[in-house]
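To keep things clear, I will list the structure first and then write my remarks on it.
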Amino acid sequence: MAETITLTDDEMVIEVLNFFYPDNPINEHLLNTESRDLAAVMYAEGLKASDAMHLVPRPSLNPSFSWLQKEAVKAAWRSIQEDNNIYDAVKNTVALKFKSKYAMAKSGI
């Protein structure tokens, strides 16, 4: 039987923020209302943007109509998967977009 792991709200906030900023981690002593709100906004934006990325066709050496049809099927398949993965490109973009807000929230400003 698999062991269920549950995170507290603050542990989840720390996980989300450290996912986006692994080189500038935050700990429980630096959490505040702003950092908690920011984690929620960043995670939601990352998921939304990753959902949109599911629809982007992957490049091909020989694009053709059949390639486009296959890509449409693959895009549909990716969009119905229930995983909450965030693409690296999305992760980096979201992290860059909220970098100043993260620094201010971490500083308590």
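Order determines the names: the first chain of the structure tokens is A, the second B, and so forth; residues in each chain are numbered 1 upward, and ligands are numbered 1 upward as they are shown.
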
Stretch 105-108 of chain A environment, 10 Å, only C-alpha atoms, sequence neighbours closer than 5 positions dropped, as number ranges by chain: A: 24-27, 29-38, 99-100

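You will find atom CA of A:Ala75 at 4.9 Å from atom CA of A:Leu55.
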
Interatomic distance, atom CA of A:Gln69 to atom CA of A:Leu47 (Å, one decimal):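 Calculated distance between atom CA of A:Gln69 and atom CA of A:Leu47 is 25.5 Å.
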
Helix (DSSP H, G or I) call set, DSSP backbone run, chain A, as a JSON list (two decimals) with C-alpha atoms, in the first residue's frame:
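Result saved to out.json:
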[["chain", "number", "residue", "atom", "x", "y", "z"],
["A", 9, "ASP", "CA", -0.25, 24.92, 3.36],
["A", 10, "ASP", "CA", 3.09, 26.56, 4.19],
["A", 11, "GLU", "CA", 5.06, 23.52, 2.99],
["A", 12, "MET", "CA", 3.20, 23.72, -0.30],
["A", 13, "VAL", "CA", 3.96, 27.44, -0.62],
["A", 14, "ILE", "CA", 7.64, 26.73, -0.01],
["A", 15, "GLU", "CA", 7.60, 23.90, -2.59],
["A", 16, "VAL", "CA", 6.00, 26.13, -5.24],
["A", 17, "LEU", "CA", 8.30, 29.11, -4.67],
["A", 18, "ASN", "CA", 11.42, 26.94, -4.51],
["A", 19, "PHE", "CA", 10.30, 25.21, -7.74],
["A", 20, "PHE", "CA", 10.32, 28.55, -9.54],
["A", 28, "GLU", "CA", 9.24, 28.98, 6.60],
["A", 29, "HIS", "CA", 10.72, 31.94, 8.53],
["A", 30, "LEU", "CA", 10.40, 34.21, 5.49],
["A", 33, "THR", "CA", 0.82, 36.82, 3.24],
["A", 34, "GLU", "CA", 2.42, 38.25, 0.09],
["A", 35, "SER", "CA", 4.60, 35.19, -0.52],
["A", 36, "ARG", "CA", 1.63, 32.86, 0.03],
["A", 37, "ASP", "CA", -0.51, 34.82, -2.44],
["A", 38, "LEU", "CA", 2.36, 35.01, -4.93],
["A", 39, "ALA", "CA", 2.85, 31.22, -4.83],
["A", 40, "ALA", "CA", -0.81, 30.70, -5.67],
["A", 41, "VAL", "CA", -0.73, 33.18, -8.55],
["A", 42, "MET", "CA", 2.51, 31.78, -9.99],
["A", 43, "TYR", "CA", 1.32, 28.18, -9.80],
["A", 44, "ALA", "CA", -2.02, 29.01, -11.43],
["A", 45, "GLU", "CA", -0.32, 30.98, -14.20],
["A", 46, "GLY", "CA", 2.19, 28.19, -14.78],
["A", 47, "LEU", "CA", -0.55, 25.59, -15.12],
["A", 48, "LYS", "CA", -2.60, 27.79, -17.43],
["A", 49, "ALA", "CA", 0.37, 28.52, -19.69],
["A", 50, "SER", "CA", 1.40, 24.85, -19.72],
["A", 51, "ASP", "CA", -2.13, 23.91, -20.80],
["A", 52, "ALA", "CA", -1.70, 26.27, -23.74],
["A", 53, "MET", "CA", 1.69, 24.72, -24.54],
["A", 65, "PHE", "CA", -0.40, 17.72, -43.99],
["A", 66, "SER", "CA", -0.12, 14.26, -42.40],
["A", 67, "TRP", "CA", 2.41, 15.65, -39.89],
["A", 68, "LEU", "CA", -0.07, 18.41, -39.03],
["A", 69, "GLN", "CA", -2.84, 15.85, -38.53],
["A", 70, "LYS", "CA", -0.62, 13.76, -36.25],
["A", 71, "GLU", "CA", 0.33, 16.85, -34.27],
["A", 72, "ALA", "CA", -3.34, 17.71, -33.79],
["A", 73, "VAL", "CA", -3.96, 14.25, -32.34],
["A", 74, "LYS", "CA", -0.91, 14.53, -30.09],
["A", 75, "ALA", "CA", -2.00, 17.99, -28.91],
["A", 76, "ALA", "CA", -5.44, 16.66, -28.05],
["A", 77, "TRP", "CA", -3.86, 13.77, -26.16],
["A", 78, "ARG", "CA", -1.55, 16.09, -24.19],
["A", 79, "SER", "CA", -4.45, 18.37, -23.30],
["A", 80, "ILE", "CA", -6.54, 15.56, -21.77],
["A", 88, "ASP", "CA", 10.49, 24.39, -18.35],
["A", 89, "ALA", "CA", 9.94, 27.26, -20.77],
["A", 90, "VAL", "CA", 6.80, 28.24, -18.85],
["A", 91, "LYS", "CA", 8.57, 27.84, -15.50],
["A", 92, "ASN", "CA", 11.36, 30.18, -16.61],
["A", 93, "THR", "CA", 8.93, 32.74, -18.04],
["A", 94, "VAL", "CA", 6.74, 32.79, -14.92],
["A", 95, "ALA", "CA", 9.81, 33.04, -12.68],
["A", 96, "LEU", "CA", 11.13, 35.98, -14.68],
["A", 97, "LYS", "CA", 7.75, 37.72, -14.72],
["A", 99, "LYS", "CA", 11.06, 37.97, -9.93],
["A", 100, "SER", "CA", 10.66, 41.46, -8.46],
["A", 101, "LYS", "CA", 7.47, 40.55, -6.60],
["A", 102, "TYR", "CA", 9.22, 37.46, -5.19],
["A", 103, "ALA", "CA", 12.18, 39.52, -3.96],
["A", 104, "MET", "CA", 9.84, 42.05, -2.35],
["A", 105, "ALA", "CA", 7.66, 39.36, -0.74],
["A", 106, "LYS", "CA", 10.75, 37.55, 0.54],
["A", 107, "SER", "CA", 12.01, 40.82, 2.03]]
